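K.L.:
Let me give you the structure first, and then I'll get to my questions.
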There are 2 protein chains.
Amino acid sequence: MSDLDPGLPWLDALKWDEQGMLPAIAQDASSGRVLMFAFMNRQSLEETINSGTAVYWSRSRQRLWRKGEESGHIQRVQSLRTDCDGDVLLLSIDQAGGIACHTGRASCFFYQLQGDFWVATDPVLKDPEDIYGK
Amino acid sequence: MSDLDPGLPWLDALKWDEQGMLPAIAQDASSGRVLMFAFMNRQSLEETINSGTAVYWSRSRQRLWRKGEESGHIQRVQSLRTDCDGDVLLLSIDQAGGIACHTGRASCFFYQLQGDFWVATDPVLKDPEDIYGK
């Protein structure tokens with residue numbers, strides 16, 4: 001993978017994959033925790049920057065996924081970074097409600113490897129039924 | 001994507017993609033900075049856990065990539081997490097030399113969006129020629 005050309009306009013400089021996607025990492029601006037990982041296409045990234053709130057592309061639902069559209073747990077984007085190759089996005093965000101995960105936890109990365117198993121180490125802050133309704 | 005089943009042995013619980021890969025995020029254990037993003041297959045993840053140092057799968061070179069094998073900038077793994085779906089890995093690591101990027105910077109995520117362009121905001125800590133030789 002060749003290095004990003006910073007002389008190009010930002011959207012053209014990025015190395016979109018064959019499906020027109022880029023992986024995106026959302027990191028909490030205050031705690032530094034990595035909160036979630038998803039994908040963006042060009043349209044979702046443009047809307048993210050224009051609106052100031054994170055918009056992903058849902059590959060399972062094949063549509064724009066305005067994070068927080070159901071839960072209210074929107075992500076206000078403080079800054080956007082990319083890597084040396086320009087093929088990954090890193091968003092520094094403020095997480096509304098302090099909950100990024102559909103399980104009601106702060107971060108989606110709540111499983112830690114302990115021995116031969118994944119152990120859920122983080123507390124559920126809010127019951128998903130109270131977030132999404134039954 | 002269904003949620004991870006924590007009752008399965010850890011390697012089987014993960015949702016490997018069609019190419020047998022998982023995205024992996026390396027985060028600095030002390031600073032909390034996201035340092036790099038790469039891929040792992042089952043073999044590289046097993047070697048990572050057994051050796052305690054990060055081993056990726058290089059898709060461009062189609063071989064195991066023992067991070068630091070040329071540069072000496074190895075990554076000692078402090079803990080390993082996965083997300084609710086079990087389809088992304090998050091490594092908390094100690095970065096040897098304080099340099100993760102082939103450009104000689106601390107993190108690969110050194111480009112920040114400023115207006116319509118990506119701006120390299122982080123200093124080069126060591127000349128790549130001094131890392132890799134000419």
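Labeling convention for the structure tokens: chains A, B, ... as they appear, residues from 1 per chain, ligands from 1 in order of appearance.
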How would chain A read as a PDB file with C-alpha atoms, in the first residue's frame after a least-squares superposition onto chain B over every Cα atom, matched in order?

P.N.:
ATOM      1  CA  MET A   1     -23.582  -9.991  12.885  1.00  0.00           C
ATOM      2  CA  SER A   2     -24.477 -12.112  15.904  1.00  0.00           C
ATOM      3  CA  ASP A   3     -22.902 -11.540  19.287  1.00  0.00           C
ATOM      4  CA  LEU A   4     -19.823 -13.470  20.372  1.00  0.00           C
ATOM      5  CA  ASP A   5     -20.481 -16.707  22.284  1.00  0.00           C
ATOM      6  CA  PRO A   6     -18.198 -16.523  25.344  1.00  0.00           C
ATOM      7  CA  GLY A   7     -18.793 -20.206  26.038  1.00  0.00           C
ATOM      8  CA  LEU A   8     -16.642 -21.202  23.055  1.00  0.00           C
ATOM      9  CA  PRO A   9     -12.844 -21.551  23.216  1.00  0.00           C
ATOM     10  CA  TRP A  10     -11.414 -18.136  22.395  1.00  0.00           C
ATOM     11  CA  LEU A  11     -10.069 -18.824  18.898  1.00  0.00           C
ATOM     12  CA  ASP A  12     -13.298 -20.516  17.812  1.00  0.00           C
ATOM     13  CA  ALA A  13     -15.454 -17.749  19.281  1.00  0.00           C
ATOM     14  CA  LEU A  14     -13.945 -15.164  16.947  1.00  0.00           C
ATOM     15  CA  LYS A  15     -15.724 -14.396  13.635  1.00  0.00           C
ATOM     16  CA  TRP A  16     -12.962 -14.779  11.078  1.00  0.00           C
ATOM     17  CA  ASP A  17     -13.873 -13.256   7.703  1.00  0.00           C
ATOM     18  CA  GLU A  18     -13.994 -15.108   4.371  1.00  0.00           C
ATOM     19  CA  GLN A  19     -10.224 -14.715   4.020  1.00  0.00           C
ATOM     20  CA  GLY A  20      -9.670 -15.992   7.551  1.00  0.00           C
ATOM     21  CA  MET A  21      -8.716 -12.504   8.745  1.00  0.00           C
ATOM     22  CA  LEU A  22      -9.647 -10.159  11.547  1.00  0.00           C
ATOM     23  CA  PRO A  23      -8.849  -6.438  11.777  1.00  0.00           C
ATOM     24  CA  ALA A  24      -6.544  -5.637  14.694  1.00  0.00           C
ATOM     25  CA  ILE A  25      -6.069  -2.281  16.421  1.00  0.00           C
ATOM     26  CA  ALA A  26      -2.899  -1.683  18.435  1.00  0.00           C
ATOM     27  CA  GLN A  27      -3.242   0.825  21.255  1.00  0.00           C
ATOM     28  CA  ASP A  28      -0.391   2.097  23.409  1.00  0.00           C
ATOM     29  CA  ALA A  29      -0.882   0.750  26.941  1.00  0.00           C
ATOM     30  CA  SER A  30       0.515   3.868  28.605  1.00  0.00           C
ATOM     31  CA  SER A  31      -0.497   6.807  26.392  1.00  0.00           C
ATOM     32  CA  GLY A  32      -3.754   5.350  25.118  1.00  0.00           C
ATOM     33  CA  ARG A  33      -2.872   6.434  21.579  1.00  0.00           C
ATOM     34  CA  VAL A  34      -4.055   4.266  18.730  1.00  0.00           C
ATOM     35  CA  LEU A  35      -0.784   3.322  17.038  1.00  0.00           C
ATOM     36  CA  MET A  36      -1.669   1.195  14.036  1.00  0.00           C
ATOM     37  CA  PHE A  37      -4.222  -0.983  12.304  1.00  0.00           C
ATOM     38  CA  ALA A  38      -3.457  -4.269  10.582  1.00  0.00           C
ATOM     39  CA  PHE A  39      -4.838  -7.762  10.066  1.00  0.00           C
ATOM     40  CA  MET A  40      -4.338 -11.071  11.823  1.00  0.00           C
ATOM     41  CA  ASN A  41      -5.136 -14.593  10.781  1.00  0.00           C
ATOM     42  CA  ARG A  42      -5.462 -17.500  13.179  1.00  0.00           C
ATOM     43  CA  GLN A  43      -1.792 -18.412  12.945  1.00  0.00           C
ATOM     44  CA  SER A  44      -0.582 -14.879  13.625  1.00  0.00           C
ATOM     45  CA  LEU A  45      -2.939 -14.466  16.568  1.00  0.00           C
ATOM     46  CA  GLU A  46      -1.848 -17.758  18.125  1.00  0.00           C
ATOM     47  CA  GLU A  47       1.795 -16.753  17.735  1.00  0.00           C
ATOM     48  CA  THR A  48       1.003 -13.344  19.222  1.00  0.00           C
ATOM     49  CA  ILE A  49      -0.435 -14.905  22.354  1.00  0.00           C
ATOM     50  CA  ASN A  50       2.222 -17.604  22.653  1.00  0.00           C
ATOM     51  CA  SER A  51       5.140 -15.200  22.153  1.00  0.00           C
ATOM     52  CA  GLY A  52       3.657 -12.165  23.899  1.00  0.00           C
ATOM     53  CA  THR A  53       4.621  -9.922  20.966  1.00  0.00           C
ATOM     54  CA  ALA A  54       2.385  -8.778  18.129  1.00  0.00           C
ATOM     55  CA  VAL A  55       2.437 -10.808  14.926  1.00  0.00           C
ATOM     56  CA  TYR A  56       0.256  -9.653  12.037  1.00  0.00           C
ATOM     57  CA  TRP A  57      -0.559 -11.077   8.630  1.00  0.00           C
ATOM     58  CA  SER A  58       0.804  -8.943   5.814  1.00  0.00           C
ATOM     59  CA  ARG A  59      -1.785  -9.013   3.059  1.00  0.00           C
ATOM     60  CA  SER A  60       0.566  -7.302   0.580  1.00  0.00           C
ATOM     61  CA  ARG A  61       3.416  -9.746   1.227  1.00  0.00           C
ATOM     62  CA  GLN A  62       1.168 -12.729   2.021  1.00  0.00           C
ATOM     63  CA  ARG A  63       3.215 -13.822   4.990  1.00  0.00           C
ATOM     64  CA  LEU A  64       3.457 -13.526   8.760  1.00  0.00           C
ATOM     65  CA  TRP A  65       4.651 -10.081   9.772  1.00  0.00           C
ATOM     66  CA  ARG A  66       6.427 -10.164  13.096  1.00  0.00           C
ATOM     67  CA  LYS A  67       6.138  -6.473  13.933  1.00  0.00           C
ATOM     68  CA  GLY A  68       9.615  -5.095  14.569  1.00  0.00           C
ATOM     69  CA  GLU A  69      11.419  -7.872  12.686  1.00  0.00           C
ATOM     70  CA  GLU A  70      13.345  -5.261  10.676  1.00  0.00           C
ATOM     71  CA  SER A  71      12.971  -2.100  12.747  1.00  0.00           C
ATOM     72  CA  GLY A  72      13.314  -3.607  16.220  1.00  0.00           C
ATOM     73  CA  HIS A  73      10.097  -1.798  17.101  1.00  0.00           C
ATOM     74  CA  ILE A  74       8.373  -4.818  18.582  1.00  0.00           C
ATOM     75  CA  GLN A  75       5.083  -4.617  20.440  1.00  0.00           C
ATOM     76  CA  ARG A  76       4.753  -6.424  23.779  1.00  0.00           C
ATOM     77  CA  VAL A  77       1.136  -7.374  24.314  1.00  0.00           C
ATOM     78  CA  GLN A  78      -0.289  -6.425  27.704  1.00  0.00           C
ATOM     79  CA  SER A  79      -3.852  -7.509  27.065  1.00  0.00           C
ATOM     80  CA  LEU A  80      -6.131  -8.564  24.255  1.00  0.00           C
ATOM     81  CA  ARG A  81      -9.740  -7.570  23.791  1.00  0.00           C
ATOM     82  CA  THR A  82     -12.437  -8.240  21.238  1.00  0.00           C
ATOM     83  CA  ASP A  83     -15.755  -6.533  20.640  1.00  0.00           C
ATOM     84  CA  CYS A  84     -19.387  -7.553  21.135  1.00  0.00           C
ATOM     85  CA  ASP A  85     -19.434  -9.289  17.750  1.00  0.00           C
ATOM     86  CA  GLY A  86     -16.029 -10.920  18.143  1.00  0.00           C
ATOM     87  CA  ASP A  87     -14.903  -9.659  14.747  1.00  0.00           C
ATOM     88  CA  VAL A  88     -12.265  -7.075  15.715  1.00  0.00           C
ATOM     89  CA  LEU A  89      -9.181  -7.370  17.945  1.00  0.00           C
ATOM     90  CA  LEU A  90      -7.858  -4.637  20.244  1.00  0.00           C
ATOM     91  CA  LEU A  91      -4.322  -5.089  21.536  1.00  0.00           C
ATOM     92  CA  SER A  92      -2.981  -3.058  24.415  1.00  0.00           C
ATOM     93  CA  ILE A  93       0.750  -2.967  23.813  1.00  0.00           C
ATOM     94  CA  ASP A  94       4.078  -1.543  24.936  1.00  0.00           C
ATOM     95  CA  GLN A  95       5.752  -0.096  21.847  1.00  0.00           C
ATOM     96  CA  ALA A  96       9.523  -0.632  21.736  1.00  0.00           C
ATOM     97  CA  GLY A  97      11.333   2.569  20.783  1.00  0.00           C
ATOM     98  CA  GLY A  98       8.095   4.543  21.035  1.00  0.00           C
ATOM     99  CA  ILE A  99       7.764   4.274  17.255  1.00  0.00           C
ATOM    100  CA  ALA A 100       5.035   2.237  15.557  1.00  0.00           C
ATOM    101  CA  CYS A 101       5.048   3.821  12.091  1.00  0.00           C
ATOM    102  CA  HIS A 102       7.398   3.089   9.195  1.00  0.00           C
ATOM    103  CA  THR A 103       7.709   6.870   8.747  1.00  0.00           C
ATOM    104  CA  GLY A 104       9.488   7.081  12.118  1.00  0.00           C
ATOM    105  CA  ARG A 105       6.513   8.537  13.981  1.00  0.00           C
ATOM    106  CA  ALA A 106       4.974   7.326  17.236  1.00  0.00           C
ATOM    107  CA  SER A 107       1.665   6.426  15.599  1.00  0.00           C
ATOM    108  CA  CYS A 108       0.584   5.649  12.063  1.00  0.00           C
ATOM    109  CA  PHE A 109      -2.376   7.980  12.656  1.00  0.00           C
ATOM    110  CA  PHE A 110      -0.372  11.170  12.229  1.00  0.00           C
ATOM    111  CA  TYR A 111      -2.590  12.805   9.587  1.00  0.00           C
ATOM    112  CA  GLN A 112      -5.293  15.075  10.930  1.00  0.00           C
ATOM    113  CA  LEU A 113      -8.022  16.606   8.808  1.00  0.00           C
ATOM    114  CA  GLN A 114      -7.668  20.391   8.706  1.00  0.00           C
ATOM    115  CA  GLY A 115     -10.021  22.061   6.272  1.00  0.00           C
ATOM    116  CA  ASP A 116      -9.839  20.212   2.964  1.00  0.00           C
ATOM    117  CA  PHE A 117      -6.487  18.514   3.500  1.00  0.00           C
ATOM    118  CA  TRP A 118      -4.719  15.954   5.662  1.00  0.00           C
ATOM    119  CA  VAL A 119      -1.932  17.565   7.689  1.00  0.00           C
ATOM    120  CA  ALA A 120       0.906  15.586   9.267  1.00  0.00           C
ATOM    121  CA  THR A 121       0.686  16.822  12.852  1.00  0.00           C
ATOM    122  CA  ASP A 122       3.168  14.502  14.581  1.00  0.00           C
ATOM    123  CA  PRO A 123       6.969  14.798  14.499  1.00  0.00           C
ATOM    124  CA  VAL A 124       9.265  12.239  12.904  1.00  0.00           C
ATOM    125  CA  LEU A 125      11.155  10.816  15.884  1.00  0.00           C
ATOM    126  CA  LYS A 126      13.703   8.876  13.875  1.00  0.00           C
ATOM    127  CA  ASP A 127      14.695   9.023  10.227  1.00  0.00           C
ATOM    128  CA  PRO A 128      13.374   5.904   8.434  1.00  0.00           C
ATOM    129  CA  GLU A 129      16.815   5.490   6.825  1.00  0.00           C
ATOM    130  CA  ASP A 130      18.230   5.070  10.310  1.00  0.00           C
ATOM    131  CA  ILE A 131      15.523   2.548  11.167  1.00  0.00           C
ATOM    132  CA  TYR A 132      15.624   0.373   8.072  1.00  0.00           C
ATOM    133  CA  GLY A 133      18.997   1.236   6.489  1.00  0.00           C
ATOM    134  CA  LYS A 134      19.262   2.784   3.059  1.00  0.00           C
TER     135      LYS A 134
END

K.L.:
Just asking: which residues within chain A are helix (DSSP H, G or I) according to DSSP, as a ChimeraX atom specification?

P.N.:
/A:10-13,42-51,96-98,128-132

K.L.:
Identify, with DSSP run on backbone atoms, the residues in segment 3-85 of chain B assigned to strand (DSSP E or B), and express the list as an NGL selection string.

P.N.:
:B and (21-28 or 34-41 or 53 or 55-58 or 63-66 or 75-82)
